[in-house]
Amino acid sequence: MKIKGIFWIFLSIVIQMILMKSNSSIESIFPFLSGVPVSSSTQLENLTLLYWYLPIVAMSFYFTGYIRDHLYSYGKLKLVRNYNKTKWIVLRFTNMMLTLLGFVLIQFLVFYLSSIYLEHSFNTFTFTSEIFMLIIMYFLTLLCLFSIQLTLELFITPQLSQLALNMYIVVSIFAAKQLYTLNAPSFLYYFLIPNYNNGFRTGLSHFHGIEKYLIHYPIGLLILIFLQIGIVFLAAFKIKKMDIL
């Protein structure tokens, strides 16, 4: 099952690369880091959202049941033998983080190789501080989102937690656009975590030369770090109160 999941994630990344590279309005070696432009037409926004969202929803399906299913199988055997619950849950989050890192590295590799062999743009790529921050924000945002999904599994079924997370992702992207058009207070954007890994919405990427941001990325970075720590603490607290038998 996990092998099939990895295959579908890889396939979704390849499809994302083909769709994004065929879109002339997206000019970047790693366009998924830029995400969805907020100052674009509705049609372009919807298409870009679809392209950006493909691997994320595939990863979300992969991580469905990552805690709940393991907890009531092999994990249950460990915990009934007085295995430390906090240690167990932290190890699950660590395992998820390393797996996610592998998926993100595959995503970068697919786009980088496509630029070399299909676009011959090897000499045009320069690793800058902005690229570095885009990578950090992209990975940490996904880490927080999937950590939320895993933590929700301690309260509701894996299927409902996966559904809730994906609804939150899609609603957050569209809600940010609506708040932008209404000139809403800037603090509201910080409740919409999926926007944190969109370079167009943090000012780290520019759409047709437009320099705007909804999320000030240094603040967003701190929020992601503290949020991740808080999620792990919440999960550890919850599992301590659970009756595994």
# chains A, B, ... in the order shown; residues from 1 in each chain; ligands from 1
$ select_by_dssp --residues "range 169-199 of chain A" --states "alpha helix (DSSP H)" --output "PyMOL selection string"
chain A and resi 169-181+199
$ closest_atom_pairs --of "range 118-223 of chain A" --to "range 46-58 of chain A" --cutoff "12 Å" --atoms "only C-alpha atoms" --output "CSV"
residue,atom,partner,partner_atom,distance
A:Tyr138,CA,A:Ile56,CA,11.0
A:Phe139,CA,A:Ile56,CA,11.2
A:Thr141,CA,A:Ile56,CA,11.0
A:Leu142,CA,A:Ile56,CA,8.0
A:Leu143,CA,A:Ile56,CA,11.0
A:Leu145,CA,A:Ile56,CA,9.9
A:Phe146,CA,A:Ile56,CA,9.5
A:Gln149,CA,A:Val57,CA,11.9
A:Gln162,CA,A:Val57,CA,9.1
A:Leu163,CA,A:Val57,CA,9.9
A:Ala164,CA,A:Val57,CA,11.9
A:Leu165,CA,A:Val57,CA,9.5
A:Asn166,CA,A:Val57,CA,7.1
A:Met167,CA,A:Val57,CA,10.5
A:Tyr168,CA,A:Val57,CA,11.8
A:Ile169,CA,A:Tyr53,CA,8.9
A:Val170,CA,A:Leu49,CA,8.4
A:Val171,CA,A:Leu49,CA,11.3
A:Ser172,CA,A:Leu49,CA,11.4
A:Ile173,CA,A:Leu49,CA,8.1
A:Phe174,CA,A:Asn46,CA,9.2
A:Lys177,CA,A:Asn46,CA,11.4
A:Pro194,CA,A:Tyr53,CA,10.4
A:Asn195,CA,A:Leu49,CA,11.2
A:Asn197,CA,A:Trp52,CA,10.5
A:Asn198,CA,A:Trp52,CA,9.3
A:Gly199,CA,A:Trp52,CA,11.8
A:Phe200,CA,A:Thr48,CA,11.5
$ residues_around --residues "Met59 in chain A" --least-positions-apart "5" --cutoff "10 Å" --atoms "only C-alpha atoms" --output "PyMOL selection string"
chain A and resi 5-6+8-10+12+54+64+99-100+103+142+146
$ write_last_selection --atoms "N, CA and C atoms" --output "PDB file, in the first residue's frame"
ATOM      1  N   GLY A   5       1.295   4.218  -2.726  1.00  0.00           N
ATOM      2  CA  GLY A   5       1.135   5.621  -2.350  1.00  0.00           C
ATOM      3  C   GLY A   5       2.289   6.466  -2.844  1.00  0.00           C
ATOM      4  N   ILE A   6       3.507   5.958  -2.717  1.00  0.00           N
ATOM      5  CA  ILE A   6       4.692   6.680  -3.199  1.00  0.00           C
ATOM      6  C   ILE A   6       4.622   6.846  -4.713  1.00  0.00           C
ATOM      7  N   TRP A   8       1.908   7.055  -6.593  1.00  0.00           N
ATOM      8  CA  TRP A   8       0.917   8.066  -6.952  1.00  0.00           C
ATOM      9  C   TRP A   8       1.406   9.471  -6.627  1.00  0.00           C
ATOM     10  N   ILE A   9       2.171   9.616  -5.566  1.00  0.00           N
ATOM     11  CA  ILE A   9       2.743  10.926  -5.250  1.00  0.00           C
ATOM     12  C   ILE A   9       3.735  11.331  -6.335  1.00  0.00           C
ATOM     13  N   PHE A  10       4.596  10.394  -6.734  1.00  0.00           N
ATOM     14  CA  PHE A  10       5.559  10.684  -7.801  1.00  0.00           C
ATOM     15  C   PHE A  10       4.837  11.049  -9.092  1.00  0.00           C
ATOM     16  N   SER A  12       1.832  12.344  -9.374  1.00  0.00           N
ATOM     17  CA  SER A  12       1.214  13.664  -9.224  1.00  0.00           C
ATOM     18  C   SER A  12       2.235  14.780  -9.385  1.00  0.00           C
ATOM     19  N   LEU A  54      -2.075  19.460  -6.469  1.00  0.00           N
ATOM     20  CA  LEU A  54      -2.025  18.038  -6.830  1.00  0.00           C
ATOM     21  C   LEU A  54      -1.144  17.189  -5.913  1.00  0.00           C
ATOM     22  N   THR A  64      -2.800   9.637   5.568  1.00  0.00           N
ATOM     23  CA  THR A  64      -4.058   9.299   6.233  1.00  0.00           C
ATOM     24  C   THR A  64      -3.897   8.011   7.037  1.00  0.00           C
ATOM     25  N   THR A  99       9.749  11.463   5.997  1.00  0.00           N
ATOM     26  CA  THR A  99       9.073  11.001   4.784  1.00  0.00           C
ATOM     27  C   THR A  99       8.672  12.186   3.911  1.00  0.00           C
ATOM     28  N   LEU A 100       8.116  13.224   4.549  1.00  0.00           N
ATOM     29  CA  LEU A 100       7.738  14.434   3.815  1.00  0.00           C
ATOM     30  C   LEU A 100       8.955  15.084   3.176  1.00  0.00           C
ATOM     31  N   PHE A 103       9.669  13.344  -0.001  1.00  0.00           N
ATOM     32  CA  PHE A 103       8.735  13.715  -1.069  1.00  0.00           C
ATOM     33  C   PHE A 103       9.090  15.079  -1.661  1.00  0.00           C
ATOM     34  N   LEU A 142       3.938  22.620   4.878  1.00  0.00           N
ATOM     35  CA  LEU A 142       3.423  21.259   4.678  1.00  0.00           C
ATOM     36  C   LEU A 142       3.579  20.430   5.945  1.00  0.00           C
ATOM     37  N   PHE A 146       0.293  18.700   7.701  1.00  0.00           N
ATOM     38  CA  PHE A 146       0.152  17.254   7.881  1.00  0.00           C
ATOM     39  C   PHE A 146       0.244  16.868   9.356  1.00  0.00           C
TER      40      PHE A 146
END
$ atom_distance --atom1 "CA of Lys241 in chain A" --atom2 "CA of Ser60 in chain A"
26.2 Å
$ closest_residue --among "A:Leu214, A:Ile106, A:Val90, A:Met96" --to "Met17 in chain A" --atoms "only C-alpha atoms"
A:Ile106
$ residues_around --residues "Leu222 in chain A" --least-positions-apart "3" --cutoff "12 Å" --atoms "only C-alpha atoms" --output "PDB file with all heavy atoms, in the first residue's frame"
ATOM      1  N   ILE A 136      12.239  26.772   2.710  1.00  0.00           N
ATOM      2  CA  ILE A 136      11.961  26.615   4.139  1.00  0.00           C
ATOM      3  C   ILE A 136      10.475  26.798   4.421  1.00  0.00           C
ATOM      4  O   ILE A 136       9.851  25.992   5.143  1.00  0.00           O
ATOM      5  CB  ILE A 136      12.779  27.628   4.969  1.00  0.00           C
ATOM      6  CG1 ILE A 136      14.282  27.334   4.843  1.00  0.00           C
ATOM      7  CG2 ILE A 136      12.348  27.601   6.437  1.00  0.00           C
ATOM      8  CD1 ILE A 136      14.699  25.986   5.392  1.00  0.00           C
ATOM      9  N   MET A 137       9.885  27.850   3.855  1.00  0.00           N
ATOM     10  CA  MET A 137       8.463  28.126   4.093  1.00  0.00           C
ATOM     11  C   MET A 137       7.587  27.018   3.497  1.00  0.00           C
ATOM     12  O   MET A 137       6.572  26.635   4.091  1.00  0.00           O
ATOM     13  CB  MET A 137       8.081  29.477   3.506  1.00  0.00           C
ATOM     14  CG  MET A 137       8.739  30.678   4.186  1.00  0.00           C
ATOM     15  SD  MET A 137       8.212  30.884   5.904  1.00  0.00           S
ATOM     16  CE  MET A 137       6.527  31.443   5.686  1.00  0.00           C
ATOM     17  N   LEU A 140       8.065  23.768   5.835  1.00  0.00           N
ATOM     18  CA  LEU A 140       7.490  23.944   7.170  1.00  0.00           C
ATOM     19  C   LEU A 140       5.965  24.056   7.128  1.00  0.00           C
ATOM     20  O   LEU A 140       5.278  23.556   8.019  1.00  0.00           O
ATOM     21  CB  LEU A 140       8.087  25.182   7.853  1.00  0.00           C
ATOM     22  CG  LEU A 140       9.515  25.043   8.379  1.00  0.00           C
ATOM     23  CD1 LEU A 140       9.953  26.335   9.051  1.00  0.00           C
ATOM     24  CD2 LEU A 140       9.626  23.884   9.368  1.00  0.00           C
ATOM     25  N   THR A 141       5.446  24.688   6.081  1.00  0.00           N
ATOM     26  CA  THR A 141       3.986  24.793   5.957  1.00  0.00           C
ATOM     27  C   THR A 141       3.361  23.415   5.771  1.00  0.00           C
ATOM     28  O   THR A 141       2.373  23.075   6.432  1.00  0.00           O
ATOM     29  CB  THR A 141       3.599  25.699   4.777  1.00  0.00           C
ATOM     30  OG1 THR A 141       4.167  26.999   4.975  1.00  0.00           O
ATOM     31  CG2 THR A 141       2.087  25.844   4.672  1.00  0.00           C
ATOM     32  N   TYR A 190      -2.968  35.562   8.704  1.00  0.00           N
ATOM     33  CA  TYR A 190      -2.087  34.662   9.450  1.00  0.00           C
ATOM     34  C   TYR A 190      -2.815  33.447  10.012  1.00  0.00           C
ATOM     35  O   TYR A 190      -2.179  32.510  10.488  1.00  0.00           O
ATOM     36  CB  TYR A 190      -1.371  35.439  10.558  1.00  0.00           C
ATOM     37  CG  TYR A 190      -0.380  36.436  10.019  1.00  0.00           C
ATOM     38  CD1 TYR A 190      -0.743  37.760   9.794  1.00  0.00           C
ATOM     39  CD2 TYR A 190       0.914  36.041   9.685  1.00  0.00           C
ATOM     40  CE1 TYR A 190       0.163  38.671   9.265  1.00  0.00           C
ATOM     41  CE2 TYR A 190       1.827  36.942   9.160  1.00  0.00           C
ATOM     42  CZ  TYR A 190       1.435  38.254   8.953  1.00  0.00           C
ATOM     43  OH  TYR A 190       2.341  39.158   8.420  1.00  0.00           O
ATOM     44  N   TYR A 196       1.090  30.286   3.622  1.00  0.00           N
ATOM     45  CA  TYR A 196       2.469  30.541   4.029  1.00  0.00           C
ATOM     46  C   TYR A 196       3.494  29.988   3.046  1.00  0.00           C
ATOM     47  O   TYR A 196       4.626  30.469   3.012  1.00  0.00           O
ATOM     48  CB  TYR A 196       2.734  29.931   5.411  1.00  0.00           C
ATOM     49  CG  TYR A 196       2.103  30.656   6.575  1.00  0.00           C
ATOM     50  CD1 TYR A 196       0.873  31.307   6.463  1.00  0.00           C
ATOM     51  CD2 TYR A 196       2.724  30.684   7.810  1.00  0.00           C
ATOM     52  CE1 TYR A 196       0.296  31.949   7.535  1.00  0.00           C
ATOM     53  CE2 TYR A 196       2.150  31.326   8.903  1.00  0.00           C
ATOM     54  CZ  TYR A 196       0.933  31.961   8.756  1.00  0.00           C
ATOM     55  OH  TYR A 196       0.358  32.603   9.822  1.00  0.00           O
ATOM     56  N   ILE A 215       1.321  37.723   3.662  1.00  0.00           N
ATOM     57  CA  ILE A 215       1.987  37.175   4.844  1.00  0.00           C
ATOM     58  C   ILE A 215       3.418  37.698   4.872  1.00  0.00           C
ATOM     59  O   ILE A 215       4.166  37.495   3.921  1.00  0.00           O
ATOM     60  CB  ILE A 215       2.010  35.624   4.804  1.00  0.00           C
ATOM     61  CG1 ILE A 215       0.605  35.052   4.609  1.00  0.00           C
ATOM     62  CG2 ILE A 215       2.669  35.063   6.051  1.00  0.00           C
ATOM     63  CD1 ILE A 215      -0.337  35.270   5.743  1.00  0.00           C
ATOM     64  N   HIS A 216       3.778  38.377   5.963  1.00  0.00           N
ATOM     65  CA  HIS A 216       5.170  38.811   6.109  1.00  0.00           C
ATOM     66  C   HIS A 216       5.968  37.578   6.548  1.00  0.00           C
ATOM     67  O   HIS A 216       5.793  37.081   7.660  1.00  0.00           O
ATOM     68  CB  HIS A 216       5.270  39.922   7.146  1.00  0.00           C
ATOM     69  CG  HIS A 216       6.578  40.644   7.137  1.00  0.00           C
ATOM     70  ND1 HIS A 216       7.233  40.984   5.980  1.00  0.00           N
ATOM     71  CD2 HIS A 216       7.357  41.075   8.163  1.00  0.00           C
ATOM     72  CE1 HIS A 216       8.359  41.609   6.277  1.00  0.00           C
ATOM     73  NE2 HIS A 216       8.463  41.676   7.594  1.00  0.00           N
ATOM     74  N   TYR A 217       6.836  37.060   5.663  1.00  0.00           N
ATOM     75  CA  TYR A 217       7.390  35.731   5.873  1.00  0.00           C
ATOM     76  C   TYR A 217       8.211  35.554   7.168  1.00  0.00           C
ATOM     77  O   TYR A 217       8.198  34.459   7.747  1.00  0.00           O
ATOM     78  CB  TYR A 217       8.183  35.263   4.645  1.00  0.00           C
ATOM     79  CG  TYR A 217       9.484  35.971   4.389  1.00  0.00           C
ATOM     80  CD1 TYR A 217      10.650  35.567   5.009  1.00  0.00           C
ATOM     81  CD2 TYR A 217       9.558  37.028   3.497  1.00  0.00           C
ATOM     82  CE1 TYR A 217      11.851  36.208   4.773  1.00  0.00           C
ATOM     83  CE2 TYR A 217      10.741  37.679   3.242  1.00  0.00           C
ATOM     84  CZ  TYR A 217      11.893  37.267   3.885  1.00  0.00           C
ATOM     85  OH  TYR A 217      13.077  37.913   3.643  1.00  0.00           O
ATOM     86  N   PRO A 218       8.925  36.562   7.690  1.00  0.00           N
ATOM     87  CA  PRO A 218       9.601  36.326   8.983  1.00  0.00           C
ATOM     88  C   PRO A 218       8.610  36.032  10.112  1.00  0.00           C
ATOM     89  O   PRO A 218       8.863  35.167  10.959  1.00  0.00           O
ATOM     90  CB  PRO A 218      10.350  37.641   9.233  1.00  0.00           C
ATOM     91  CG  PRO A 218      10.529  38.241   7.879  1.00  0.00           C
ATOM     92  CD  PRO A 218       9.284  37.878   7.136  1.00  0.00           C
ATOM     93  N   ILE A 219       7.465  36.731  10.091  1.00  0.00           N
ATOM     94  CA  ILE A 219       6.429  36.458  11.092  1.00  0.00           C
ATOM     95  C   ILE A 219       5.829  35.078  10.849  1.00  0.00           C
ATOM     96  O   ILE A 219       5.606  34.301  11.776  1.00  0.00           O
ATOM     97  CB  ILE A 219       5.332  37.536  11.045  1.00  0.00           C
ATOM     98  CG1 ILE A 219       5.923  38.906  11.383  1.00  0.00           C
ATOM     99  CG2 ILE A 219       4.194  37.195  12.004  1.00  0.00           C
ATOM    100  CD1 ILE A 219       4.939  40.044  11.252  1.00  0.00           C
ATOM    101  N   ILE A 225       6.969  27.659  13.289  1.00  0.00           N
ATOM    102  CA  ILE A 225       7.820  26.959  14.258  1.00  0.00           C
ATOM    103  C   ILE A 225       7.071  26.728  15.565  1.00  0.00           C
ATOM    104  O   ILE A 225       7.029  25.604  16.095  1.00  0.00           O
ATOM    105  CB  ILE A 225       9.123  27.745  14.509  1.00  0.00           C
ATOM    106  CG1 ILE A 225       9.997  27.749  13.243  1.00  0.00           C
ATOM    107  CG2 ILE A 225       9.893  27.147  15.685  1.00  0.00           C
ATOM    108  CD1 ILE A 225      11.199  28.646  13.323  1.00  0.00           C
ATOM    109  N   PHE A 226       6.457  27.788  16.087  1.00  0.00           N
ATOM    110  CA  PHE A 226       5.723  27.655  17.353  1.00  0.00           C
ATOM    111  C   PHE A 226       4.478  26.780  17.190  1.00  0.00           C
ATOM    112  O   PHE A 226       4.112  26.032  18.102  1.00  0.00           O
ATOM    113  CB  PHE A 226       5.349  29.031  17.890  1.00  0.00           C
ATOM    114  CG  PHE A 226       6.497  29.780  18.502  1.00  0.00           C
ATOM    115  CD1 PHE A 226       7.019  30.909  17.893  1.00  0.00           C
ATOM    116  CD2 PHE A 226       7.069  29.337  19.689  1.00  0.00           C
ATOM    117  CE1 PHE A 226       8.087  31.596  18.456  1.00  0.00           C
ATOM    118  CE2 PHE A 226       8.141  30.020  20.258  1.00  0.00           C
ATOM    119  CZ  PHE A 226       8.652  31.143  19.644  1.00  0.00           C
ATOM    120  N   LEU A 227       3.843  26.871  16.021  1.00  0.00           N
ATOM    121  CA  LEU A 227       2.667  26.044  15.766  1.00  0.00           C
ATOM    122  C   LEU A 227       3.037  24.570  15.740  1.00  0.00           C
ATOM    123  O   LEU A 227       2.327  23.725  16.319  1.00  0.00           O
ATOM    124  CB  LEU A 227       2.017  26.450  14.446  1.00  0.00           C
ATOM    125  CG  LEU A 227       0.787  25.642  14.013  1.00  0.00           C
ATOM    126  CD1 LEU A 227      -0.337  25.778  15.037  1.00  0.00           C
ATOM    127  CD2 LEU A 227       0.308  26.094  12.632  1.00  0.00           C
ATOM    128  N   GLN A 228       4.153  24.245  15.096  1.00  0.00           N
ATOM    129  CA  GLN A 228       4.591  22.853  15.022  1.00  0.00           C
ATOM    130  C   GLN A 228       4.887  22.301  16.414  1.00  0.00           C
ATOM    131  O   GLN A 228       4.496  21.175  16.753  1.00  0.00           O
ATOM    132  CB  GLN A 228       5.830  22.737  14.125  1.00  0.00           C
ATOM    133  CG  GLN A 228       6.345  21.328  13.953  1.00  0.00           C
ATOM    134  CD  GLN A 228       5.345  20.404  13.282  1.00  0.00           C
ATOM    135  OE1 GLN A 228       4.575  20.829  12.440  1.00  0.00           O
ATOM    136  NE2 GLN A 228       5.364  19.130  13.660  1.00  0.00           N
ATOM    137  N   ILE A 229       5.571  23.086  17.215  1.00  0.00           N
ATOM    138  CA  ILE A 229       5.867  22.661  18.591  1.00  0.00           C
ATOM    139  C   ILE A 229       4.572  22.454  19.375  1.00  0.00           C
ATOM    140  O   ILE A 229       4.401  21.466  20.090  1.00  0.00           O
ATOM    141  CB  ILE A 229       6.767  23.696  19.291  1.00  0.00           C
ATOM    142  CG1 ILE A 229       8.136  23.759  18.607  1.00  0.00           C
ATOM    143  CG2 ILE A 229       6.934  23.354  20.777  1.00  0.00           C
ATOM    144  CD1 ILE A 229       9.025  24.883  19.103  1.00  0.00           C
TER     145      ILE A 229
END
$ decode --residues "range 134-186 of chain A" --atoms "C-alpha atoms" --output "PDB file, in the first residue's frame"
ATOM      1  CA  LEU A 134      10.840  29.757  -0.267  1.00  0.00           C
ATOM      2  CA  ILE A 135      12.062  26.206   0.354  1.00  0.00           C
ATOM      3  CA  ILE A 136      11.961  26.615   4.139  1.00  0.00           C
ATOM      4  CA  MET A 137       8.463  28.126   4.093  1.00  0.00           C
ATOM      5  CA  TYR A 138       7.196  25.457   1.685  1.00  0.00           C
ATOM      6  CA  PHE A 139       8.474  22.546   3.755  1.00  0.00           C
ATOM      7  CA  LEU A 140       7.490  23.944   7.170  1.00  0.00           C
ATOM      8  CA  THR A 141       3.986  24.793   5.957  1.00  0.00           C
ATOM      9  CA  LEU A 142       3.423  21.259   4.678  1.00  0.00           C
ATOM     10  CA  LEU A 143       4.910  19.863   7.888  1.00  0.00           C
ATOM     11  CA  CYS A 144       2.467  21.880  10.010  1.00  0.00           C
ATOM     12  CA  LEU A 145      -0.506  20.988   7.819  1.00  0.00           C
ATOM     13  CA  PHE A 146       0.152  17.254   7.881  1.00  0.00           C
ATOM     14  CA  SER A 147       0.935  17.430  11.604  1.00  0.00           C
ATOM     15  CA  ILE A 148      -2.529  18.927  12.081  1.00  0.00           C
ATOM     16  CA  GLN A 149      -3.993  16.040  10.078  1.00  0.00           C
ATOM     17  CA  LEU A 150      -2.153  13.463  12.184  1.00  0.00           C
ATOM     18  CA  THR A 151      -3.191  15.142  15.444  1.00  0.00           C
ATOM     19  CA  LEU A 152      -6.826  15.264  14.355  1.00  0.00           C
ATOM     20  CA  GLU A 153      -6.697  11.476  14.017  1.00  0.00           C
ATOM     21  CA  LEU A 154      -6.477  11.310  17.813  1.00  0.00           C
ATOM     22  CA  PHE A 155      -9.882  13.005  18.001  1.00  0.00           C
ATOM     23  CA  ILE A 156     -11.745  11.859  14.869  1.00  0.00           C
ATOM     24  CA  THR A 157     -11.405   9.181  12.180  1.00  0.00           C
ATOM     25  CA  PRO A 158      -8.471   9.384   9.726  1.00  0.00           C
ATOM     26  CA  GLN A 159     -10.868   9.933   6.812  1.00  0.00           C
ATOM     27  CA  LEU A 160     -12.560  12.886   8.503  1.00  0.00           C
ATOM     28  CA  SER A 161      -9.227  14.423   9.519  1.00  0.00           C
ATOM     29  CA  GLN A 162      -7.969  14.129   5.940  1.00  0.00           C
ATOM     30  CA  LEU A 163     -11.166  15.691   4.616  1.00  0.00           C
ATOM     31  CA  ALA A 164     -11.043  18.506   7.185  1.00  0.00           C
ATOM     32  CA  LEU A 165      -7.435  19.360   6.346  1.00  0.00           C
ATOM     33  CA  ASN A 166      -8.027  19.490   2.590  1.00  0.00           C
ATOM     34  CA  MET A 167     -11.128  21.631   3.029  1.00  0.00           C
ATOM     35  CA  TYR A 168      -9.068  23.990   5.176  1.00  0.00           C
ATOM     36  CA  ILE A 169      -6.343  24.190   2.506  1.00  0.00           C
ATOM     37  CA  VAL A 170      -8.709  25.031  -0.355  1.00  0.00           C
ATOM     38  CA  VAL A 171     -10.870  27.421   1.688  1.00  0.00           C
ATOM     39  CA  SER A 172      -7.759  29.228   2.985  1.00  0.00           C
ATOM     40  CA  ILE A 173      -6.430  29.913  -0.516  1.00  0.00           C
ATOM     41  CA  PHE A 174      -9.748  31.323  -1.756  1.00  0.00           C
ATOM     42  CA  ALA A 175     -10.458  33.161   1.504  1.00  0.00           C
ATOM     43  CA  ALA A 176      -7.143  35.023   1.251  1.00  0.00           C
ATOM     44  CA  LYS A 177      -8.130  36.287  -2.201  1.00  0.00           C
ATOM     45  CA  GLN A 178     -11.498  37.491  -0.883  1.00  0.00           C
ATOM     46  CA  LEU A 179      -9.906  39.200   2.109  1.00  0.00           C
ATOM     47  CA  TYR A 180      -7.448  40.873  -0.271  1.00  0.00           C
ATOM     48  CA  THR A 181     -10.214  42.275  -2.473  1.00  0.00           C
ATOM     49  CA  LEU A 182     -12.068  43.541   0.622  1.00  0.00           C
ATOM     50  CA  ASN A 183      -8.936  45.196   2.065  1.00  0.00           C
ATOM     51  CA  ALA A 184      -9.397  43.187   5.260  1.00  0.00           C
ATOM     52  CA  PRO A 185      -7.083  43.641   8.289  1.00  0.00           C
ATOM     53  CA  SER A 186      -3.722  41.994   7.636  1.00  0.00           C
TER      54      SER A 186
END
